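As provided, query.txt (compact mmCIF, C-alpha atoms) reads as follows.
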```txt
# COMPACT_ATOMS: atom_id res chain seq x y z
CA MET A 13 20.12 62.23 50.31
CA SER A 14 19.86 59.06 52.28
CA GLY A 15 23.52 58.23 51.77
CA GLU A 16 23.27 54.60 50.80
CA THR A 17 26.80 53.37 50.32
CA LEU A 18 28.02 50.25 48.65
CA ALA A 19 30.22 47.86 50.52
CA TYR A 20 33.70 49.19 49.78
CA ASP A 21 36.76 47.09 50.30
CA ALA A 22 39.06 48.55 52.94
CA ALA A 23 41.82 49.52 50.51
CA ALA A 24 39.48 51.49 48.26
CA SER A 25 37.80 53.15 51.20
CA GLU A 26 41.09 54.19 52.75
CA CYS A 27 42.31 55.48 49.39
CA ILE A 28 39.27 57.77 49.16
CA ASP A 29 39.77 58.96 52.73
CA ARG A 30 43.43 59.77 52.03
CA ALA A 31 42.53 61.66 48.86
CA LEU A 32 40.06 63.87 50.69
CA GLU A 33 42.40 64.45 53.62
CA ARG A 34 45.12 65.47 51.20
CA LEU A 35 42.83 67.84 49.34
CA SER A 36 41.57 69.38 52.57
CA ALA A 37 45.15 69.92 53.71
CA GLU A 38 46.06 71.47 50.38
CA ILE A 39 43.12 73.87 50.61
CA ARG A 40 44.02 74.82 54.18
CA ASP A 41 47.69 75.40 53.28
CA ARG A 42 47.27 77.18 49.97
CA THR A 43 44.07 79.12 50.56
CA PRO A 44 43.68 79.63 54.32
CA ASN A 45 41.25 82.52 53.90
CA MET A 46 38.85 80.51 51.76
CA ALA A 47 39.36 77.16 53.48
CA PRO A 48 36.47 77.32 55.99
CA ALA A 49 33.89 78.20 53.33
CA VAL A 50 35.26 75.66 50.87
CA SER A 51 35.31 72.90 53.47
CA ASN A 52 31.77 73.75 54.43
CA TRP A 53 30.69 73.53 50.78
CA MET A 54 32.41 70.18 50.30
CA ALA A 55 30.73 68.85 53.44
CA SER A 56 27.35 70.18 52.33
CA LEU A 57 27.37 67.85 49.31
CA SER A 58 27.19 64.84 51.60
CA HIS A 59 24.15 63.98 53.69
CA SER A 60 26.44 62.91 56.53
CA ARG A 61 28.63 66.00 55.97
CA THR A 62 31.53 63.59 55.53
CA PRO A 63 32.87 64.20 52.01
CA ALA A 64 34.07 60.60 51.63
CA ASP A 65 30.52 59.28 52.04
CA TYR A 66 29.50 61.33 49.05
CA PHE A 67 31.94 59.49 46.82
CA LYS A 68 30.78 56.11 48.12
CA ASP A 69 27.09 56.71 47.50
CA ILE A 70 25.60 53.95 45.38
CA ARG A 71 23.81 56.51 43.24
CA GLY A 72 26.98 58.17 42.04
CA PHE A 73 29.14 57.31 39.06
CA PRO A 74 31.95 55.11 40.48
CA MET A 75 34.66 57.43 39.20
CA LEU A 76 37.07 56.41 41.97
CA ARG A 77 36.50 52.71 41.64
CA LEU A 78 36.56 52.16 37.88
CA PRO A 79 40.31 52.82 37.60
CA ARG A 80 40.95 50.47 40.52
CA TRP A 81 38.91 47.73 38.86
CA LEU A 82 40.76 48.21 35.60
CA ALA A 83 44.09 48.02 37.43
CA GLU A 84 42.99 44.89 39.30
CA SER A 85 42.02 43.23 36.04
CA THR A 86 45.55 43.50 34.71
CA ASP A 87 48.41 41.31 35.81
CA ALA A 88 50.39 44.29 37.07
CA ASN A 89 51.36 44.69 40.70
CA GLU A 90 49.39 47.17 42.77
CA ASP A 91 50.80 50.70 42.69
CA VAL A 92 49.48 52.44 45.78
CA ASP A 93 51.18 55.78 45.05
CA PHE A 94 49.61 55.89 41.61
CA GLN A 95 46.16 54.93 42.92
CA ASP A 96 46.38 57.52 45.68
CA GLY A 97 47.45 60.21 43.25
CA LEU A 98 44.69 59.29 40.85
CA ALA A 99 42.03 59.39 43.57
CA TYR A 100 43.33 62.77 44.70
CA SER A 101 43.23 64.09 41.15
CA THR A 102 39.73 62.71 40.58
CA VAL A 103 38.13 64.22 43.69
CA SER A 104 39.76 67.55 42.80
CA GLY A 105 38.41 67.32 39.26
CA TYR A 106 35.00 66.35 40.54
CA TYR A 107 34.75 69.36 42.83
CA PHE A 108 35.84 71.59 39.95
CA VAL A 109 33.04 70.26 37.74
CA ARG A 110 30.45 70.28 40.52
CA LEU A 111 31.19 73.88 41.46
CA ILE A 112 30.58 75.05 37.91
CA ASP A 113 27.59 72.75 37.36
CA ASN A 114 25.85 74.07 40.45
CA LEU A 115 26.29 77.62 39.24
CA MET A 116 25.07 76.75 35.74
CA ASP A 117 22.07 74.83 37.09
CA ASN A 118 21.06 77.63 39.46
CA GLN A 119 21.50 75.28 42.38
CA ALA A 120 24.28 77.25 43.98
CA THR A 121 24.48 78.00 47.68
CA ASN A 122 27.82 79.64 48.39
CA GLU A 123 29.48 78.56 45.13
CA LYS A 124 29.78 82.10 43.79
CA ALA A 125 31.66 83.22 46.88
CA ILE A 126 34.17 80.39 46.56
CA LEU A 127 34.35 80.25 42.77
CA SER A 128 38.03 81.11 42.66
CA ILE A 129 38.89 77.87 44.46
CA SER A 130 38.11 76.21 41.13
CA ALA A 131 41.64 77.22 40.07
CA LEU A 132 43.09 75.07 42.83
CA PHE A 133 40.76 72.16 42.05
CA HIS A 134 41.77 72.25 38.40
CA THR A 135 45.46 72.51 39.15
CA GLU A 136 45.35 69.53 41.48
CA PHE A 137 43.28 67.53 39.01
CA GLN A 138 45.77 68.03 36.19
CA ARG A 139 49.03 68.15 38.16
CA ILE A 140 48.97 64.48 39.10
CA TYR A 141 48.87 63.40 35.48
CA GLN A 142 51.90 65.55 34.73
CA GLU A 143 53.85 63.39 37.15
CA TYR A 144 53.17 60.33 35.04
CA PHE A 145 52.82 61.42 31.42
CA ALA A 146 55.15 63.55 29.34
CA ALA A 147 53.61 66.40 27.36
CA THR A 148 53.67 64.42 24.11
CA HIS A 149 52.15 61.25 25.58
CA PRO A 150 48.91 60.09 23.85
CA PHE A 151 47.16 60.28 27.22
CA TRP A 152 46.93 64.04 26.83
CA GLU A 153 44.83 63.85 23.69
CA ILE A 154 42.28 61.73 25.57
CA TYR A 155 42.47 64.15 28.47
CA ARG A 156 41.77 67.16 26.24
CA ARG A 157 39.01 65.40 24.31
CA GLU A 158 37.05 64.04 27.28
CA TRP A 159 37.50 67.13 29.44
CA ALA A 160 36.13 69.37 26.68
CA ARG A 161 33.28 66.98 25.83
CA GLY A 162 32.07 67.06 29.40
CA PHE A 163 31.68 70.81 29.46
CA ASP A 164 30.23 70.95 25.98
CA SER A 165 27.56 68.40 26.88
CA ALA A 166 26.56 70.40 29.95
CA ALA A 167 25.86 73.35 27.68
CA ALA A 168 23.96 71.14 25.22
CA GLU A 169 21.80 69.75 27.98
CA ALA A 170 21.02 73.20 29.30
CA SER A 171 19.69 74.24 25.89
CA ALA A 172 17.78 71.02 25.11
CA THR A 173 14.06 71.40 24.48
CA ASP A 174 13.10 67.75 24.17
CA ILE A 175 15.09 64.61 24.87
CA ASP A 176 14.27 61.53 22.84
CA GLU A 177 16.04 58.18 23.21
CA ASP A 178 18.90 58.98 20.82
CA ARG A 179 19.50 62.33 22.46
CA PHE A 180 19.35 60.71 25.88
CA TYR A 181 22.12 58.27 25.05
CA GLN A 182 24.23 61.03 23.50
CA LEU A 183 23.89 63.27 26.54
CA SER A 184 24.21 60.63 29.23
CA ALA A 185 27.38 59.23 27.66
CA THR A 186 29.03 62.62 27.65
CA LYS A 187 27.92 63.67 31.12
CA THR A 188 30.39 61.38 32.81
CA CYS A 189 33.07 61.42 30.14
CA ALA A 190 35.49 63.20 32.49
CA GLY A 191 35.52 59.91 34.39
CA LYS A 192 37.22 58.34 31.39
CA ILE A 193 40.33 60.43 32.05
CA PRO A 194 41.51 58.55 35.18
CA LEU A 195 40.50 55.36 33.40
CA ALA A 196 42.74 56.23 30.45
CA ALA A 197 45.57 57.15 32.82
CA THR A 198 45.25 53.77 34.51
CA ALA A 199 45.17 51.92 31.22
CA PHE A 200 48.35 53.63 30.03
CA HIS A 201 50.08 53.27 33.38
CA PHE A 202 49.47 49.54 33.46
CA SER A 203 50.07 49.05 29.71
CA ALA A 204 46.46 48.06 29.11
CA GLU A 205 45.49 50.82 26.69
CA ASP A 206 44.26 48.27 24.15
CA ARG A 207 41.45 47.46 26.60
CA LEU A 208 40.33 51.05 26.99
CA PRO A 209 37.53 50.96 24.37
CA GLU A 210 35.66 48.19 26.17
CA TRP A 211 36.03 49.96 29.52
CA ASN A 212 34.72 53.13 27.90
CA ASN A 213 31.75 51.15 26.57
CA PHE A 214 30.99 50.11 30.12
CA CYS A 215 31.20 53.76 31.25
CA ASP A 216 28.68 54.77 28.58
CA ALA A 217 26.24 52.02 29.51
CA LEU A 218 26.55 52.82 33.19
CA SER A 219 26.13 56.54 32.56
CA ALA A 220 22.84 55.86 30.79
CA TRP A 221 21.58 53.74 33.69
CA ILE A 222 22.55 56.39 36.23
CA GLN A 223 20.94 59.14 34.16
CA MET A 224 17.71 57.20 33.80
CA ARG A 225 17.59 56.54 37.51
CA ASP A 226 18.19 60.24 38.17
CA ASP A 227 15.47 61.14 35.68
CA MET A 228 13.02 58.98 37.60
CA SER A 229 14.25 59.86 41.05
CA ASP A 230 14.20 63.61 40.39
CA TRP A 231 10.99 63.72 38.36
CA TYR A 232 9.26 66.13 40.66
CA ARG A 233 12.16 68.53 41.12
CA ASP A 234 12.89 68.47 37.39
CA HIS A 235 9.24 69.16 36.65
CA ARG A 236 9.19 72.07 39.08
CA CYS A 237 12.30 73.72 37.69
CA GLY A 238 11.43 73.03 34.05
CA ALA A 239 14.36 70.71 33.39
CA LYS A 240 14.21 68.67 30.21
CA THR A 241 14.76 64.97 30.75
CA PHE A 242 14.09 61.79 28.82
CA PHE A 243 11.58 60.73 31.46
CA LEU A 244 9.64 64.01 31.44
CA SER A 245 9.84 64.22 27.64
CA ARG A 246 8.15 60.83 27.51
CA SER A 247 5.52 62.12 29.90
CA ASN A 248 4.88 65.19 27.76
CA ALA A 249 4.46 63.02 24.69
CA ASN A 250 2.23 60.37 26.27
CA ARG A 251 0.05 62.15 28.80
CA LEU A 252 -3.63 62.09 27.98
CA PRO A 253 -5.52 65.37 27.63
CA ASP A 254 -5.84 66.95 31.11
CA GLU A 255 -3.85 64.13 32.68
CA THR A 256 -1.53 65.30 35.45
CA LEU A 257 2.05 64.19 35.64
CA LEU A 258 1.26 62.18 38.74
CA ALA A 259 -1.64 60.44 37.02
CA TRP A 260 0.64 59.58 34.09
CA LEU A 261 3.21 58.20 36.51
CA GLY A 262 0.56 55.98 38.05
CA ARG A 263 -0.93 54.91 34.74
CA GLU A 264 2.26 54.06 32.85
CA GLY A 265 5.19 56.31 33.75
CA ALA A 266 6.52 54.39 36.76
CA SER A 267 6.33 51.04 34.99
CA TRP A 268 7.74 52.45 31.75
CA GLY A 269 10.64 54.01 33.65
CA THR A 270 11.25 50.74 35.47
CA GLU A 271 11.36 48.82 32.20
CA GLN A 272 13.81 51.33 30.77
CA LEU A 273 15.99 51.09 33.86
CA GLN A 274 15.98 47.30 33.77
CA GLY A 275 16.87 47.29 30.08
CA MET A 276 19.72 49.70 30.67
CA HIS A 277 20.99 47.55 33.52
CA GLN A 278 21.11 44.59 31.17
CA LYS A 279 23.28 46.70 28.86
CA VAL A 280 25.51 47.53 31.82
CA ARG A 281 25.91 43.85 32.60
CA LYS A 282 26.61 43.00 28.99
CA ALA A 283 29.22 45.78 28.69
CA GLY A 284 30.86 44.63 31.93
CA ALA A 285 31.06 40.96 30.97
CA PRO A 286 34.29 41.12 28.91
CA LEU A 287 36.15 43.29 31.43
CA ASN A 288 37.41 40.43 33.55
CA SER A 289 36.81 42.19 36.85
CA GLN A 290 35.16 40.36 39.73
CA SER A 291 34.88 43.61 41.68
CA LEU A 292 33.03 45.22 38.81
CA ASP A 293 30.74 42.19 38.49
CA ARG A 294 29.89 42.46 42.19
CA TYR A 295 29.13 46.14 41.73
CA VAL A 296 26.77 45.36 38.85
CA ASP A 297 25.03 42.77 41.06
CA GLU A 298 24.69 45.31 43.87
CA LEU A 299 23.24 47.86 41.47
CA GLU A 300 20.66 45.33 40.36
CA SER A 301 19.62 44.55 43.95
CA TRP A 302 19.37 48.22 44.69
CA MET A 303 17.36 48.82 41.51
CA VAL A 304 14.85 46.05 42.27
CA THR A 305 14.16 47.46 45.73
CA TRP A 306 14.11 51.08 44.62
CA THR A 307 11.80 50.63 41.63
CA SER A 308 9.41 48.64 43.78
CA ASN A 309 9.39 51.41 46.39
CA PHE A 310 9.06 54.02 43.66
CA GLY A 311 5.98 52.37 42.15
CA ARG A 312 4.33 51.96 45.55
CA ALA A 313 5.08 55.56 46.49
CA ILE A 314 3.55 56.85 43.26
CA ALA A 315 0.40 54.82 43.95
CA GLU A 316 0.13 56.17 47.50
CA LEU A 317 0.79 59.72 46.39
CA ALA A 318 -1.97 59.35 43.82
CA LYS A 319 -4.35 58.35 46.63
CA VAL A 320 -3.43 61.49 48.55
CA ALA A 321 -3.83 63.64 45.46
CA LYS A 322 -7.27 62.17 44.81
CA ALA A 323 -8.36 62.85 48.38
CA LEU A 324 -7.13 66.43 48.25
CA ALA A 325 -8.49 67.19 44.78
CA MET B 956 -5.29 72.95 44.78
CA LYS B 957 -2.65 72.97 42.06
CA PHE B 958 -0.78 69.73 41.48
CA GLU B 959 2.57 71.26 42.45
CA THR B 960 1.19 72.90 45.58
CA MET B 961 -0.40 69.66 46.70
CA ILE B 962 2.80 67.64 46.32
CA ASP B 963 4.81 70.38 47.99
CA LYS B 964 2.50 70.37 50.97
CA VAL B 965 2.42 66.61 51.31
CA MET B 966 6.12 66.04 50.84
CA ASN B 967 7.74 69.17 52.22
CA ASP B 968 5.40 70.61 54.85
CA PRO B 969 5.99 68.44 57.93
CA SER B 970 3.07 69.80 59.96
CA PHE B 971 0.57 69.32 57.13
CA ARG B 972 1.93 65.90 56.39
CA GLU B 973 1.78 64.82 60.00
CA GLY B 974 -1.70 66.30 60.26
CA ILE B 975 -3.27 64.39 57.40
CA ARG B 976 -1.48 61.31 58.61
CA THR B 977 -2.77 61.39 62.19
CA ASP B 978 -5.91 63.53 61.97
CA PRO B 979 -7.03 63.68 58.35
CA GLU B 980 -10.47 65.08 59.03
CA GLY B 981 -9.28 67.89 61.32
CA THR B 982 -6.40 68.78 59.03
CA LEU B 983 -8.54 68.85 55.89
CA LYS B 984 -10.97 71.19 57.62
CA ALA B 985 -8.19 73.34 59.04
CA HIS B 986 -6.76 73.83 55.54
CA ASN B 987 -10.15 74.46 53.93
CA PHE B 988 -10.31 71.15 52.09
CA ASP B 989 -13.44 69.16 51.57
CA ALA B 990 -13.49 66.72 54.51
CA HIS B 991 -15.98 64.30 52.98
CA PRO B 992 -15.89 60.98 54.88
CA GLU B 993 -14.83 59.20 51.69
CA LYS B 994 -11.75 61.40 51.40
CA VAL B 995 -10.93 61.05 55.08
CA GLU B 996 -11.17 57.28 54.74
CA ALA B 997 -8.93 57.36 51.67
CA LEU B 998 -6.26 59.27 53.58
CA LYS B 999 -6.47 56.82 56.46
CA ASN B 1000 -5.63 54.05 54.01
CA VAL B 1001 -2.50 55.67 52.62
CA ASP B 1002 0.66 53.67 53.24
CA TRP B 1003 2.85 56.52 54.41
CA SER B 1004 5.86 54.27 54.90
CA SER B 1005 5.96 53.72 51.13
CA LEU B 1006 6.22 57.45 50.61
CA ASP B 1007 8.86 57.78 53.30
CA LYS B 1008 11.09 55.27 51.53
CA VAL B 1009 11.45 57.44 48.44
CA ARG B 1010 10.75 60.79 50.03
CA ASP B 1011 14.21 62.02 49.03
CA SER B 1012 13.13 61.65 45.44
CA PHE B 1013 10.05 63.76 45.82
CA GLY B 1014 11.45 66.33 48.20
CA ASP B 1015 14.15 68.93 47.84
CA ASP B 1016 17.12 66.62 47.75
CA ASP B 1017 20.07 66.91 45.40
CA SER B 1018 21.70 64.15 43.42
CA ILE B 1019 25.09 62.95 42.09
CA CYS B 1020 25.91 62.74 38.49
```
Written form, structure tokens:
Amino acid sequence: MSGETLAYDAAASECIDRALERLSAEIRDRTPNMAPAVSNWMASLSHSRTPADYFKDIRGFPMLRLPRWLAESTDANEDVDFQDGLAYSTVSGYYFVRLIDNLMDNQATNEKAILSISALFHTEFQRIYQEYFAATHPFWEIYRREWARGFDSAAAEASATDIDEDRFYQLSATKTCAGKIPLAATAFHFSAEDRLPEWNNFCDALSAWIQMRDDMSDWYRDHRCGAKTFFLSRSNANRLPDETLLAWLGREGASWGTEQLQGMHQKVRKAGAPLNSQSLDRYVDELESWMVTWTSNFGRAIAELAKVAKALA
Amino acid sequence: MKFETMIDKVMNDPSFREGIRTDPEGTLKAHNFDAHPEKVEALKNVDWSSLDKVRDSFGDDDSIC
């Protein structure tokens, strides 16, 4: 991964750094025997081997930034302790999900050997919320619903045979639904729960854009490992007799994917418009710039690869 | 050559990739490909920098979701 990071403001960047330092310390203190292997796994997820860079990558769902943007959009004063706790919880939750996903997707390296650390990740993910919300608080219903939906969708995706547009939107929206948990916590904490539906709409639109970009970006790997994606399902439906995947990409796939991505970005912008967050608006702008450059590079690369394929045929 | 094998070689085999980039004729012959002048010329006209820019996508990289 090339590790392209968005321009983070200093406060957000430092918050992420503190969260990861805290989690690393917790792992060292609580599980000293596993700590070296777990730290190595966490580092391996980042191209730079710096875990914080992983969470700042432009291609990732901005799970650590969305709650900050929601908080900023309210009139409430900044609550650094809450933001720090939330970031710590979120990175813990993310590592929990990633550990299991990698095992389910057969992409594991040393995940099986460190699987039991998932107990610590889950505890730290949930524990922070217990500091802020009593057991009967409505937050916990959202927590239970979104947490379960995330795992259920992973299983649904694994068993999918063909992904049409409706299925794509259903799956992409649920893939990042765990990210709605810190968002809900923020909304309740800052008494902005009435605004949660529109923030969740933005999450769904953004999830679709990210999934489409992943579908395009990972087309070759997905094809090799037999993964079912919206992009490859379209290819299967539209390829001419004897047409290779690469030829389809050159003929219509790259431009079709680009159109889809652009359309989904427009939905992201539209969903973000009522959220009253300048930071979020800047993020949407940055995504668009990135998308314009990337899709252009993608189309050119497909054309060049087709030349190579023709020469080697 | 199978489609998958070809892409694998081009994107993930550094020596093959460098070979067809710098010495297409010699590399095609060394790997038992048809080294017809037309094919050699086609390889000389490939914009490798375009491929490099998105090589992560076509290689063995992972992704965030």
For this session: Report the distance between atom CA of Met75 of chain A and atom CA of Ala55 of chain A in Å, rounded to one decimal place.
Result: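 Between these atoms lies a distance of 18.7 Å.
Put simply, atom CA of Phe214 of chain A is 21.0 Å away from atom CA of Gly269 of chain A.
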For this session: Record the distance separating atom CA of Gln278 of chain A and atom CA of Thr186 of chain A, expressed in Å with one decimal.
Result: 20.0 Å
Exercise. His991 of chain B: which residues within 10 Å, counting all atoms listed in the file, same-chain residues fewer than 5 positions away excluded, as a list in words?
Worked result: Ala323 of chain A; Glu980, Leu983, Lys984, Glu996 and Ala997 of chain B
The centre and edge lengths of an axis-aligned box containing all atoms of segment 959-971 of chain B present in the file, extended by 8 Å on each side, are to be given in Å to one decimal, as JSON.
```
{"center_x": 3.7, "center_y": 69.5, "center_z": 51.2, "size_x": 24.1, "size_y": 22.9, "size_z": 33.5}
```
Problem set entry | Shell around Asp1002 of chain B at 9 Å using only C-alpha atoms, local window under 2 positions removed, as a PyMOL selection string | (chain A and resi 312-313+316) or (chain B and resi 998-1000+1004-1006)
File of the preceding selection, C-alpha atoms, as a PDB file, in the coordinates of the input:
```pdb
ATOM      1  CA  ARG A 312       4.330  51.960  45.550  1.00  0.00           C
ATOM      2  CA  ALA A 313       5.080  55.560  46.490  1.00  0.00           C
ATOM      3  CA  GLU A 316       0.130  56.170  47.500  1.00  0.00           C
TER       4      GLU A 316
ATOM      5  CA  LEU B 998      -6.260  59.270  53.580  1.00  0.00           C
ATOM      6  CA  LYS B 999      -6.470  56.820  56.460  1.00  0.00           C
ATOM      7  CA  ASN B1000      -5.630  54.050  54.010  1.00  0.00           C
ATOM      8  CA  SER B1004       5.860  54.270  54.900  1.00  0.00           C
ATOM      9  CA  SER B1005       5.960  53.720  51.130  1.00  0.00           C
ATOM     10  CA  LEU B1006       6.220  57.450  50.610  1.00  0.00           C
TER      11      LEU B1006
END
```
Problem set entry | Test item: residues at most 9 Å from segment 969-971 of chain B, all atoms listed in the file, excluding those fewer than 5 positions along its chain, as a PyMOL selection string | chain B and resi 964+976+982+986
For this session: List every protein, DNA or RNA residue that has an atom no more than 12 Å from (45.5, 51.7, 41.6) in the file's coordinate frame, counting only C-alpha atoms, and report them as a ChimeraX atom specification.
Result: /A:23-24,27-28,76-86,88-100,194-195,197-199,201-202
For this session: Rank nothing, just name the residue among B:Asp978, B:Glu973, B:Asp963, B:Asp968 nearest to chain A, using all atoms listed in the file.
Result: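 Among the listed residues, B:Asp963 lies closest to chain A.
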Seminar exercise, completed: Of B:Thr977, B:Asp1007, B:Lys994, B:Val1001, the one nearest to Leu324 of chain A when counting only C-alpha atoms is B:Lys994
Exercise. For chain B, which residue among A:Arg40, A:Arg233, A:Arg34, A:Arg61 is the nearest when counting all atoms listed in the file?
Worked result: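 Answer, going by the shortest atom-to-atom distance: A:Arg233.
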Exercise. So which residues touch Thr307 of chain A within 12 Å, counting only C-alpha atoms, skipping near sequence neighbours fewer than 4 positions away, as a PyMOL selection string?
Worked result: (chain A and resi 224-225+228-229+265-274+299-303+311-314) or (chain B and resi 1005+1008-1009+1012)
Export C-alpha atoms of the chosen residues as a compact mmCIF listing (two decimals), in the coordinates of the input?
```
# COMPACT_ATOMS: atom_id res chain seq x y z
CA MET A 224 17.71 57.20 33.80
CA ARG A 225 17.59 56.54 37.51
CA MET A 228 13.02 58.98 37.60
CA SER A 229 14.25 59.86 41.05
CA GLY A 265 5.19 56.31 33.75
CA ALA A 266 6.52 54.39 36.76
CA SER A 267 6.33 51.04 34.99
CA TRP A 268 7.74 52.45 31.75
CA GLY A 269 10.64 54.01 33.65
CA THR A 270 11.25 50.74 35.47
CA GLU A 271 11.36 48.82 32.20
CA GLN A 272 13.81 51.33 30.77
CA LEU A 273 15.99 51.09 33.86
CA GLN A 274 15.98 47.30 33.77
CA LEU A 299 23.24 47.86 41.47
CA GLU A 300 20.66 45.33 40.36
CA SER A 301 19.62 44.55 43.95
CA TRP A 302 19.37 48.22 44.69
CA MET A 303 17.36 48.82 41.51
CA GLY A 311 5.98 52.37 42.15
CA ARG A 312 4.33 51.96 45.55
CA ALA A 313 5.08 55.56 46.49
CA ILE A 314 3.55 56.85 43.26
CA SER B 1005 5.96 53.72 51.13
CA LYS B 1008 11.09 55.27 51.53
CA VAL B 1009 11.45 57.44 48.44
CA SER B 1012 13.13 61.65 45.44
```
Exercise. Neighbours of Leu127 of chain A within 12 Å (only C-alpha atoms; same-chain residues fewer than 4 positions away dropped), as a PyMOL selection string?
Worked result: chain A and resi 46+49-50+53+107-115+120-123+131-134
Dump as a tab-separated table (two decimals), keeping the file's coordinate frame, selection limited to C-alpha atoms:
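Ended up saving to again-v7.tsv:
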```tsv
chain	number	residue	atom	x	y	z
A	46	MET	CA	38.85	80.51	51.76
A	49	ALA	CA	33.89	78.20	53.33
A	50	VAL	CA	35.26	75.66	50.87
A	53	TRP	CA	30.69	73.53	50.78
A	107	TYR	CA	34.75	69.36	42.83
A	108	PHE	CA	35.84	71.59	39.95
A	109	VAL	CA	33.04	70.26	37.74
A	110	ARG	CA	30.45	70.28	40.52
A	111	LEU	CA	31.19	73.88	41.46
A	112	ILE	CA	30.58	75.05	37.91
A	113	ASP	CA	27.59	72.75	37.36
A	114	ASN	CA	25.85	74.07	40.45
A	115	LEU	CA	26.29	77.62	39.24
A	120	ALA	CA	24.28	77.25	43.98
A	121	THR	CA	24.48	78.00	47.68
A	122	ASN	CA	27.82	79.64	48.39
A	123	GLU	CA	29.48	78.56	45.13
A	131	ALA	CA	41.64	77.22	40.07
A	132	LEU	CA	43.09	75.07	42.83
A	133	PHE	CA	40.76	72.16	42.05
A	134	HIS	CA	41.77	72.25	38.40
```
Problem set entry | Shortest interatomic distance to Pro150 of chain A - which of A:Asp117, A:Glu177, A:Asp226, A:Glu205, counting all atoms listed in the file |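 Closest residue, counting all atoms listed in the file: A:Glu205.
Counting all atoms listed in the file, the residue from B:Thr960, B:Phe988, B:Gly981, B:Arg972 that sits nearest to chain A is B:Phe988.
Among the candidate residues A:Glu264, A:Asp29, A:Glu255, A:Glu210, the one lying nearest to chain B is A:Glu255, with distances computed using all atoms listed in the file.
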